[in-house]
Structure formats: C-alpha cells, structure tokens
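Asker: I have a structure I would like to understand better, so I am pasting it below and will then ask my questions one at a time.
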Amino acid sequence: MNNSTSLQDAVTQRRTFAIISHPDAGKTTLTEKLLLYSGMILTAGMVKGRKGRKSATSDWMAMEQERGISITSSAMQFAYKDTIINVLDTPGHEDFSEDTYRTLTAADCAIMVIDASKGVEKQTRKLFEVCRLRQIPVLTLINKMDMPGRDPLELMHEVENVLQIHSSALNWPIGAGKDFQGVVDRTTNECIFFTKTSVGGAQKAEISRFPRNSPEVKAKIGAEEYEKLTQELDLLEIAGNPYSQDDFLAGKVTPVFFASALTNFGIEPFFDAFIHLAPCPHMRLANKFDGTEIEIDPVKQPFSGYVFKLQANMDRRHRDSMAFIRICSGRFDRDLIVKHSRLGKEVRLSRPHGMVAGERTTLDVAYPGDIIGVINPSLFAIGDTISMTGGFNFKPLPQFQPEIFAKLYPKDVGKRKAFDKGVLQLIEEGAIQMLKAYQGQELIFAAVGQLQFEVMQYRLKDEYGVETVLTPLPYQCSAWVRGDMKTFSKPSNALIVEDRQGNPMVLFSSQWEKQYCANQNPKHELVDVMV
Ligand code: G4P
C-alpha cells in the first residue's frame with residue numbers, strides 16, 4: 001500500500017480477526033489455507049510434527065521455522081483478494097495463556113472452528129465468552145466434514161444451546177464423510193462442488209458451480225441424495241434462524257459454514273463470505289480522564305492504539321521485549337511521537353515492526369486494525385493507551401479466571417531481593433497473576449495456562465539470575481466474589497484469597513465444588529472474568 005492511500009480506504013479494506021478453537025479442531029490448517037488461497041504460499045501441509053512439540057513457541061513459529069517464511073508470534077498481514085487481512089495468533093495447546101485472551105480483544109471479529117465430530121469443546125467455550133464480553137462478532141466454521149461426523153443440524157443446535165447464540169447456516173454440506181462433495185450456497189442457491197487436485201489439500205481444490213435445481217446437480221449426487229438435500233434445505237427455510245448482518249455484528253447470531261480445511265472443500269467460498277461479512281475496524285470505546293465515555297472513530301480521530309501483549313524475547317541474544325499495539329484510529333507513521341496516558345509523557349515510536357506479506361519489516365505506515373510491535377524499553381504495560389491527542393484510555397483489558405495455581409520460592413534464599421524484583425516486573429507485565437491469602441500475607445501465583453509458569457521460571461533465571469522451586473497447588477478453577485464476604489460460605493476444600501487490587505477470590509478444587517458454592521451462596525455472584 002502506498003502512502004497516498006486514504007485513511008478511509010485503508011480502514012474499509014482491513015479485516016482484523018482471530019481464529020478461536022479447541023486444540024486439534026483445525027486452526028493451524030485453516031490458517032495455512034488462508035495463506036494458500038491468498039497466494040502467500042504455493043503448497044500447504046508443511047507443518048508437520050506439531051503434536052508433542054513442547055516449547056514456548058506457537059504453531060506459527062513452527063511454520064516460520066519449517067517453511068523459511070517469517071510469520072510472527074502475534075499477527076501477520078497479507079492481501080486476500082481486495083482486502084488486507086490481519087490475522088492474530090491465539091495460541092492454544094500448551095501455549096495457552098492470558099495472552100491468548102488478551103489478543104482476542106485486539107480482533108474485530110473471530111472465526112470459531114469446530115470439529116464436526118466433536119462439537120463445541122471447552123477451550124472454544126472459554127474463548128467464545130471473551131468474544132461475547134467484548135461484543136466481537138463470531139463466524140462459525142464446522143470443519144472436518146470429510147470425516148465421519150455428527151449431524152449438521154445437531155451441531156448447530158449445540159452451538160445455540162452451549163454458547164447461547166442463534167446460528168444461521170449460510171451454506172449447507174452436500175454429503176458427509178467420504179461422500180462430502182461440496183456445499184450449497186444458501187444466499188445464491190448454488191451448489192459448489194470440489195475436486196481434489198492433490199494429496200492432503202496441498203493445492204487449491206477445483207471448483208464447479210451449478211444452480212441447485214439444475215440437472216447437473218441431480219446427475220452428480222444421485223436422486224436419493226438430492227431428495228435428502230432438498231428436505232434438509234426446506235427444513236432450514238422453515239425452522240432455521242434467518243441471517244441478519246446487524247444481528248451478526250451485535251453478537252446475536254453466528255453465520256455457520258461447513259467445510260474441510262484439510263481437503264480445501266468449502267474453504268474458498270468460506271473465505272469469500274468471510275471478507276464480505278466481517279467488519280472493518282470500527283468505533284472503540286474509551287474513557288476520558290474525568291471518567292466520561294467517548295467513542296474513538298478509526299477515521300476521524302488521529303492516531304491511537306493500545307498495548308494488548310508484551311513479549312519478552314526468549315532468545316538470550318535479544319533481551320529486549322516487544323510491545324504489540326493494536327491501532328484503533330488514525331494513520332501511524334514511523335517515528336511518530338505520541339502521548340503515553342499512564343506515564344503522562346511523550347514517547348517516540350521508532351523502529352516499529354510488522355509482519356507484512358510474510359516478512360518481518362520495519363513499518364513506515366500502518367492503519368487502524370493493524371498490529372505494530374515496538375521494542376519496549378520498559379515503557380509499556382499491558383493495556384496502556386497511546387494517542388496523538390492524549391486525554392483518554394481505552395477500556396481496560398479484562399482479567400481472566402486463573403485455573404492453575406502454585407507457590408514459588410527462590411532456591412537460594414540469598415537471592416530473595418532479585419526474586420522479588422523479577423516477580424514484580426512479571427506481574428506488572430501481566431505475565432502472571434499474584435494472589436494473597438485473604439487477610440494474610442502468603443503469596444500464590446496464578447495463571448490460565450501452564451506455559452505462563454514455565455515462562456516465569458525461565459525469565460527469573462535468565463533475566464534475574466534466580467533459580468526457583470515451583471510447588472503446584474491442588475486448585476483447578478476460581479472466581480471473583482461479589483457480595484458481603486462476612487456472609488459468604490466457603491466449601492471446606494476451597495481457599496479464599498485476594499487479587500492484587502484487593503478483590504476477594506475463591507480457589508476451588510473442582511468445577512463441581514465451584515457450582516456447589518454458587519448454589520450455597522445465592523446472594524453472592526461468582527465472576528469468571530473481571531472487567
Ligand atoms: P489446531 O491448530 O486447531 O490444533 O489443529 P490443526 O490444524 O493442527 O489440525 C489438527 C489435526 O486435524 C491435524 O492432523 C490436521 O491435519 C487435521 N485436520 C485439520 N483439518 C482437517 C479436516 O478438514 N479434515 C481432516 N480429516 N483432518 C483435518 P494431525 O494428524 O494431528 O497432524 P498432521 O500430521 O496432519 O499435521
């Protein structure tokens with residue numbers, strides 16, 4: 001994009017989104033296919049040996065290493081047809097951490113990938129809740145239609161029941177499992193058939209299209225399958241939810257697509273629908289210093305953005321950490337001097353990094369929806385707002401219910417001072433949460449993913465020279481408590497603690513115990529996400 005691109009055009013062109021799913025539903029495969037169909041890579045299916053890889057890297061970093069192309073640990077940008085795509089990395093598996101949640105807040109919409117044989121799984125549910133909380137519209141892709149799976153209608157009902165959102169099928173599968181041949185586009189009433197052109201979907205699948213009631217369709221799928229398809233589509237017409245773009249943007253309905261990311265069947269029509277339906281960067285809410293709410297318009301307001309992720313470099317040779325900033329308004333130019341709300345001073349954003357067309361580059365220009373990475377000489381904390389005008393802060397990032405708890409000590413008591421300093425830094429960066437026994441002094445560290453502890457121990461050793469001993473605690477979930485703690489009745493195995501701001505929390509040994517506690521305390525509210 002050249003420098004003369006108008007801000008309005010740049011905003012209209014952009015789609016900034018994240019893919020949410022449970023591990024193994026096909027997020028990496030879908031990301032690869034997006035690269036394949038955008039022409040970024042010529043062959044897909046190169047990311048092998050993902051499973052069992054134990055490291056602090058995301059699948060994207062594996063792609064980067066194995067394909068020799070440079071992606072990023074946070075976002076990548078490329079062109080797909082007439083749009084500029086910014087796809088945010090939301091690590092799952094053992095890489096799952098609070099960053100995964102926070103990154104989602106930088107997205108304007110999300111693609112929810114569901115495995116057709118498994119339905120809505122745990123991690124998807126948690127990530128979907130963040131979308132709901134932040135009013136991020138969600139498109140649903142029911143993946144792996146080439147495998148024996150569950151009934152499409154049943155899957156749609158599950159989305160509705162478990163996630164409490166209306167679902168509206170915008171396409172419908174023709175056949176399933178080994179007979180999955182294509183999809184019906186319900187908006188055009190066209191049947192789209194696919195033909196494999198390579199093993200494992202390494203190349204684009206060939207497409208042919210026919211009107212649904214054409215003789216070609218009947219000939220291709222046979223009278224019996226045609227009859228079944230007609231009945232299913234008639235049923236959807238009568239009993240299915242209608243699709244409304246306004247309801248989608250308001251988070252009331254999710255458009256549903258069926259596909260197989262591995263074989264590429266249904267994938268290109270899905271991407272085409274996605275760029276059409278997904279919103280471009282839009283208004284974001286912020287608070288002025290006096291507490292009044294204002295709307296930040298991506299085009300009318302000069303440059304503004306906020307830090308959603310800090311990444312310490314795990315490579316000893318580059319000790320700097322990087323702050324990832326989501327641009328919310330205005331055009332960004334290299335070396336821009338901006339106001340840093342929290343510090344109350346001006347900072348120069350020099351050497352901003354971005355991932356454009358697969359290359360880590362120094363960016364000269366960026367627009368709303370884009371992600372820039374700035375080397376962070378301890379200037380930034382998670383949630384910091386920067387802007388040309390100053391005077392406001394974007395809404396704080398939510399804090400998420402931790403699920404893993406531990407005590408941590410320095411191996412050598414003589415290193416206590418360095419340990420305390422390092423721990424404080426990591427907490428301020430948002431790398432880990434710190435809790436305190438209720439009305440006591442004992443410290444407990446808390447995280448949403450195991451990786452957070454691994455990173456913490458690594459960094460304490462690497463950056464502060466402190467070896468640590470970690471003692472896991474037997475709690476599996478938690479909640480903040482709203483209500484009078486004097487009348488709160490705690491299950492015997494649970495522990496009451498306080499977060500850093502002094503808010504009371506309870507740590508539970510099981511989900512069952514949490515539910516029991518909620519039932520026992522009807523006058524109190526148990527809160528999973530602190531906003
Ligand atoms: P994730 O990032 O969400 O964790 O999932 P990923 O894409 O890594 O996919 C998990 C497994 O599911 C992979 O197989 C992948 O090939 C397979 N898969 C993804 N999409 C589809 C699909 O549409 N149909 C079928 N049949 N399989 C699909 P794997 O054997 O674990 O890894 P690999 O050796 O194939 O890389």
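Each chain in the structure tokens gets a letter, A, B, ..., in the order shown, and its residues are numbered from 1; ligands are numbered from 1 in order too.
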All residues within 6 Å of ligand 1 are required, counting only C-alpha atoms and all ligand atoms; please report them as a list in words.
Answerer: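 Written in the requested form, the residues are Pro23, Asp24, Ala25, Gly26, Lys27, Thr28, Thr29, Val47, Lys48, Gly49, Asn143, Lys144, Asp146, Met147, Ser260, Ala261 and Leu262 of chain A.
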Asker: Among segment 268-388 of chain A, which residues does DSSP mark as strand (DSSP E) when it is run on the backbone? Keep the chain and numbering as in the structure and answer as an NGL selection string.
Answerer: :A and (284-288 or 293-296 or 304-312 or 321-329 or 332-333 or 336-340 or 345-349 or 353-356 or 359-362 or 365-366 or 371-376 or 385-387)
Asker: Can you write just those residues out, C-alpha atoms, as a PDB file, in the first residue's frame?
Answerer:
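Wrote it out as part.pdb, contents follow:
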ATOM      1  CA  ARG A 284     -13.932   1.730  20.062  1.00  0.00           C
ATOM      2  CA  LEU A 285     -14.996   2.956  23.470  1.00  0.00           C
ATOM      3  CA  ALA A 286     -12.626   4.826  25.739  1.00  0.00           C
ATOM      4  CA  ASN A 287     -12.771   6.796  28.983  1.00  0.00           C
ATOM      5  CA  LYS A 288     -11.595  10.352  29.298  1.00  0.00           C
ATOM      6  CA  GLU A 293     -17.074   7.744  27.926  1.00  0.00           C
ATOM      7  CA  ILE A 294     -16.053   8.668  24.383  1.00  0.00           C
ATOM      8  CA  GLU A 295     -16.105   6.854  21.072  1.00  0.00           C
ATOM      9  CA  ILE A 296     -12.894   6.716  19.109  1.00  0.00           C
ATOM     10  CA  SER A 304      -4.420   5.995  18.839  1.00  0.00           C
ATOM     11  CA  GLY A 305      -3.883   2.440  19.968  1.00  0.00           C
ATOM     12  CA  TYR A 306      -3.325   0.220  22.979  1.00  0.00           C
ATOM     13  CA  VAL A 307      -0.883  -2.445  24.108  1.00  0.00           C
ATOM     14  CA  PHE A 308      -2.509  -5.884  24.204  1.00  0.00           C
ATOM     15  CA  LYS A 309       0.541  -8.058  24.567  1.00  0.00           C
ATOM     16  CA  LEU A 310       4.119  -7.873  25.767  1.00  0.00           C
ATOM     17  CA  GLN A 311       6.529 -10.467  24.592  1.00  0.00           C
ATOM     18  CA  ALA A 312       9.808 -10.979  26.321  1.00  0.00           C
ATOM     19  CA  SER A 321      10.864  -7.281  24.859  1.00  0.00           C
ATOM     20  CA  MET A 322       8.304  -6.213  22.328  1.00  0.00           C
ATOM     21  CA  ALA A 323       5.034  -4.410  22.970  1.00  0.00           C
ATOM     22  CA  PHE A 324       2.282  -5.271  20.489  1.00  0.00           C
ATOM     23  CA  ILE A 325      -0.041  -2.382  19.799  1.00  0.00           C
ATOM     24  CA  ARG A 326      -3.412  -2.560  18.098  1.00  0.00           C
ATOM     25  CA  ILE A 327      -4.011   0.625  16.119  1.00  0.00           C
ATOM     26  CA  CYS A 328      -7.529   1.868  16.793  1.00  0.00           C
ATOM     27  CA  SER A 329      -7.589   5.141  14.907  1.00  0.00           C
ATOM     28  CA  PHE A 332       0.603   5.664  12.014  1.00  0.00           C
ATOM     29  CA  ASP A 333       3.864   6.944  10.617  1.00  0.00           C
ATOM     30  CA  LEU A 336       5.549   9.245  15.461  1.00  0.00           C
ATOM     31  CA  ILE A 337       5.695  10.982  18.836  1.00  0.00           C
ATOM     32  CA  VAL A 338       2.662  10.018  20.903  1.00  0.00           C
ATOM     33  CA  LYS A 339       1.252  10.687  24.343  1.00  0.00           C
ATOM     34  CA  HIS A 340       1.511   7.790  26.765  1.00  0.00           C
ATOM     35  CA  LYS A 345       4.726  11.738  28.866  1.00  0.00           C
ATOM     36  CA  GLU A 346       5.544  11.666  25.178  1.00  0.00           C
ATOM     37  CA  VAL A 347       7.251   8.707  23.565  1.00  0.00           C
ATOM     38  CA  ARG A 348       8.663   8.231  20.093  1.00  0.00           C
ATOM     39  CA  LEU A 349       7.583   5.060  18.306  1.00  0.00           C
ATOM     40  CA  HIS A 353       7.819  -3.863  13.459  1.00  0.00           C
ATOM     41  CA  GLY A 354       5.113  -5.504  11.467  1.00  0.00           C
ATOM     42  CA  MET A 355       4.577  -8.739   9.623  1.00  0.00           C
ATOM     43  CA  VAL A 356       3.692  -7.825   6.104  1.00  0.00           C
ATOM     44  CA  GLU A 359       8.344 -10.639   6.192  1.00  0.00           C
ATOM     45  CA  ARG A 360       9.263  -9.016   9.465  1.00  0.00           C
ATOM     46  CA  THR A 361       9.683  -5.441   8.389  1.00  0.00           C
ATOM     47  CA  THR A 362      10.178  -2.048   9.855  1.00  0.00           C
ATOM     48  CA  VAL A 365       2.994   3.428   7.700  1.00  0.00           C
ATOM     49  CA  ALA A 366       0.189   1.489   9.368  1.00  0.00           C
ATOM     50  CA  ILE A 371      -0.735  -4.521  14.718  1.00  0.00           C
ATOM     51  CA  ILE A 372       2.649  -2.944  15.268  1.00  0.00           C
ATOM     52  CA  GLY A 373       5.373  -4.263  17.515  1.00  0.00           C
ATOM     53  CA  VAL A 374       7.626  -1.785  19.280  1.00  0.00           C
ATOM     54  CA  ILE A 375      10.761  -2.661  21.143  1.00  0.00           C
ATOM     55  CA  ASN A 376       9.820  -1.907  24.689  1.00  0.00           C
ATOM     56  CA  THR A 385      -3.152   3.620  25.710  1.00  0.00           C
ATOM     57  CA  ILE A 386      -1.096   5.811  23.397  1.00  0.00           C
ATOM     58  CA  SER A 387      -2.519   8.563  21.212  1.00  0.00           C
TER      59      SER A 387
END
Asker: Excluding segment 432-434 of chain A and any residue of its chain fewer than 5 positions from it, enumerate the residues within 9 Å of it, using only C-alpha atoms, and give them as a list in words.
Answerer: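 In the requested form, the answer reads Glu98, Pro402, Val423, Leu426, Ile427, Leu443, Ile444, Phe445, Ala446, Ala447, Val448, Gln452, Phe453, Met456, Glu498, Asp499 and Arg500 of chain A.
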Asker: Output N, CA and C atoms of each residue in that selection to a file, as an mmCIF file, in the first residue's frame.
Answerer:
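In the end it all went to part.cif:
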data_model
loop_
_atom_site.group_PDB
_atom_site.id
_atom_site.type_symbol
_atom_site.label_atom_id
_atom_site.label_comp_id
_atom_site.auth_asym_id
_atom_site.auth_seq_id
_atom_site.Cartn_x
_atom_site.Cartn_y
_atom_site.Cartn_z
ATOM 1 N N GLU A 98 -2.806 -16.120 29.305
ATOM 2 C CA GLU A 98 -3.662 -14.931 29.329
ATOM 3 C C GLU A 98 -3.509 -14.114 28.054
ATOM 4 N N PRO A 402 -8.063 -17.439 36.749
ATOM 5 C CA PRO A 402 -6.954 -18.394 36.640
ATOM 6 C C PRO A 402 -7.399 -19.822 36.953
ATOM 7 N N VAL A 423 9.787 -10.878 40.106
ATOM 8 C CA VAL A 423 8.368 -11.237 40.221
ATOM 9 C C VAL A 423 7.501 -9.996 39.995
ATOM 10 N N LEU A 426 7.327 -9.149 36.328
ATOM 11 C CA LEU A 426 6.489 -10.088 35.562
ATOM 12 C C LEU A 426 5.010 -9.851 35.844
ATOM 13 N N ILE A 427 4.698 -9.498 37.062
ATOM 14 C CA ILE A 427 3.293 -9.241 37.393
ATOM 15 C C ILE A 427 2.839 -7.965 36.695
ATOM 16 N N LEU A 443 1.788 -15.620 49.559
ATOM 17 C CA LEU A 443 1.588 -15.339 48.141
ATOM 18 C C LEU A 443 1.311 -16.603 47.329
ATOM 19 N N ILE A 444 0.402 -16.471 46.377
ATOM 20 C CA ILE A 444 0.087 -17.577 45.466
ATOM 21 C C ILE A 444 0.157 -17.017 44.053
ATOM 22 N N PHE A 445 0.803 -17.745 43.148
ATOM 23 C CA PHE A 445 0.852 -17.304 41.751
ATOM 24 C C PHE A 445 -0.216 -18.062 40.975
ATOM 25 N N ALA A 446 -0.797 -17.365 40.011
ATOM 26 C CA ALA A 446 -1.936 -17.957 39.307
ATOM 27 C C ALA A 446 -1.843 -17.663 37.820
ATOM 28 N N ALA A 447 -2.319 -18.637 37.014
ATOM 29 C CA ALA A 447 -2.230 -18.479 35.562
ATOM 30 C C ALA A 447 -3.401 -19.190 34.907
ATOM 31 N N VAL A 448 -3.625 -18.883 33.632
ATOM 32 C CA VAL A 448 -4.666 -19.620 32.907
ATOM 33 C C VAL A 448 -4.056 -20.775 32.098
ATOM 34 N N GLN A 452 2.568 -20.120 31.238
ATOM 35 C CA GLN A 452 2.870 -18.889 31.980
ATOM 36 C C GLN A 452 3.874 -19.162 33.110
ATOM 37 N N PHE A 453 3.729 -20.324 33.766
ATOM 38 C CA PHE A 453 4.679 -20.658 34.828
ATOM 39 C C PHE A 453 6.058 -20.971 34.251
ATOM 40 N N MET A 456 7.690 -17.834 33.386
ATOM 41 C CA MET A 456 8.074 -17.108 34.594
ATOM 42 C C MET A 456 9.389 -17.663 35.166
ATOM 43 N N GLU A 498 -7.091 -12.891 47.846
ATOM 44 C CA GLU A 498 -7.354 -11.557 47.282
ATOM 45 C C GLU A 498 -6.476 -11.371 46.066
ATOM 46 N N ASP A 499 -6.982 -10.686 45.044
ATOM 47 C CA ASP A 499 -6.091 -10.367 43.918
ATOM 48 C C ASP A 499 -5.287 -9.122 44.273
ATOM 49 N N ARG A 500 -4.504 -8.637 43.340
ATOM 50 C CA ARG A 500 -3.597 -7.503 43.626
ATOM 51 C C ARG A 500 -4.339 -6.234 44.001
#
Asker: Could you go through segment 230-368 of chain A and tell me which residues DSSP, when run on the backbone, assigns to helix (DSSP H, G or I), listing them as a list of chain:residue names?
Answerer: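 So, restricting segment 230-368 of chain A to helix (DSSP H, G or I), we get A:Thr230, A:Gln231, A:Glu232, A:Leu233, A:Asp234, A:Leu235, A:Leu236, A:Glu237, A:Ile238, A:Ala239, A:Gln245, A:Asp246, A:Asp247, A:Phe248, A:Leu249, A:Ile267, A:Glu268, A:Pro269, A:Phe270, A:Phe271, A:Asp272, A:Ala273, A:Phe274, A:Ile275, A:His276, A:Leu277.
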Asker: Write to file, as an mmCIF file, in the first residue's frame, the residues of the selection just made, with C-alpha atoms.
Answerer:
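The resulting result_32.cif:
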data_model
loop_
_atom_site.group_PDB
_atom_site.id
_atom_site.type_symbol
_atom_site.label_atom_id
_atom_site.label_comp_id
_atom_site.auth_asym_id
_atom_site.auth_seq_id
_atom_site.Cartn_x
_atom_site.Cartn_y
_atom_site.Cartn_z
ATOM 1 C CA THR A 230 -33.834 -30.729 -0.658
ATOM 2 C CA GLN A 231 -35.585 -31.852 2.511
ATOM 3 C CA GLU A 232 -32.795 -30.516 4.711
ATOM 4 C CA LEU A 233 -32.789 -27.159 2.943
ATOM 5 C CA ASP A 234 -36.585 -26.906 3.115
ATOM 6 C CA LEU A 235 -36.418 -27.608 6.820
ATOM 7 C CA LEU A 236 -33.802 -24.891 7.268
ATOM 8 C CA GLU A 237 -36.016 -22.425 5.390
ATOM 9 C CA ILE A 238 -38.907 -23.119 7.728
ATOM 10 C CA ALA A 239 -37.235 -23.758 11.070
ATOM 11 C CA GLN A 245 -25.866 -8.686 9.269
ATOM 12 C CA ASP A 246 -26.895 -6.334 12.085
ATOM 13 C CA ASP A 247 -27.573 -9.257 14.412
ATOM 14 C CA PHE A 248 -24.221 -10.784 13.481
ATOM 15 C CA LEU A 249 -22.404 -7.544 14.261
ATOM 16 C CA ILE A 267 -12.741 -23.245 2.044
ATOM 17 C CA GLU A 268 -12.579 -20.640 -0.719
ATOM 18 C CA PRO A 269 -16.329 -19.861 -0.571
ATOM 19 C CA PHE A 270 -15.912 -19.521 3.187
ATOM 20 C CA PHE A 271 -13.032 -17.048 2.872
ATOM 21 C CA ASP A 272 -15.000 -15.104 0.252
ATOM 22 C CA ALA A 273 -18.034 -14.918 2.534
ATOM 23 C CA PHE A 274 -15.803 -14.016 5.455
ATOM 24 C CA ILE A 275 -14.285 -10.925 3.821
ATOM 25 C CA HIS A 276 -17.764 -9.858 2.813
ATOM 26 C CA LEU A 277 -19.349 -10.313 6.258
#
Asker: Between atom CA of Val529 of chain A and atom CA of Lys252 of chain A, what is the distance in Å, rounded to a tenth?
Answerer: 20.3 Å
Asker: Pick out the residues sitting within 7 Å of Pro255 of chain A, and hand them over as a PyMOL selection string; count only C-alpha atoms, and ignore anything fewer than 6 positions along from it in its own chain.
Answerer: chain A and resi 139-140+167-170
Asker: Could you take the residues named above and write them with N, CA and C atoms, as a PDB file, in the first residue's frame?
Answerer:
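Output below, filename out_4.pdb:
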ATOM      1  N   LEU A 139     -17.957 -15.799  13.414  1.00  0.00           N
ATOM      2  CA  LEU A 139     -18.406 -16.678  12.330  1.00  0.00           C
ATOM      3  C   LEU A 139     -18.043 -18.103  12.732  1.00  0.00           C
ATOM      4  N   THR A 140     -18.877 -19.059  12.378  1.00  0.00           N
ATOM      5  CA  THR A 140     -18.598 -20.449  12.759  1.00  0.00           C
ATOM      6  C   THR A 140     -18.242 -21.273  11.533  1.00  0.00           C
ATOM      7  N   SER A 167     -27.795 -19.504  15.594  1.00  0.00           N
ATOM      8  CA  SER A 167     -26.916 -19.885  14.484  1.00  0.00           C
ATOM      9  C   SER A 167     -27.727 -19.865  13.204  1.00  0.00           C
ATOM     10  N   SER A 168     -27.080 -19.472  12.124  1.00  0.00           N
ATOM     11  CA  SER A 168     -27.777 -19.407  10.850  1.00  0.00           C
ATOM     12  C   SER A 168     -26.859 -19.969   9.759  1.00  0.00           C
ATOM     13  N   ALA A 169     -27.271 -21.089   9.159  1.00  0.00           N
ATOM     14  CA  ALA A 169     -26.404 -21.747   8.170  1.00  0.00           C
ATOM     15  C   ALA A 169     -26.412 -20.944   6.869  1.00  0.00           C
ATOM     16  N   LEU A 170     -25.240 -20.454   6.476  1.00  0.00           N
ATOM     17  CA  LEU A 170     -25.163 -19.735   5.197  1.00  0.00           C
ATOM     18  C   LEU A 170     -24.760 -20.668   4.064  1.00  0.00           C
TER      19      LEU A 170
END
Asker: So which residues touch Cys517 of chain A within 7 Å, counting only C-alpha atoms, skipping near sequence neighbours fewer than 3 positions away, as a compact mmCIF listing (two decimals) with C-alpha atoms, in the first residue's frame?
Answerer:
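Everything below was put into out_12.txt:
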# COMPACT_ATOMS: atom_id res chain seq x y z
CA LYS A 490 -16.87 -21.39 51.66
CA PRO A 491 -16.68 -25.11 50.77
CA GLU A 513 -17.19 -27.56 44.09
CA LYS A 514 -17.49 -24.20 42.34
CA GLN A 520 -24.84 -22.32 48.55
CA ASN A 521 -24.37 -18.57 48.16
Asker: To one decimal place in Å, what is the distance between atom CA of Leu470 of chain A and atom CA of Ala406 of chain A?
Answerer: 6.5 Å
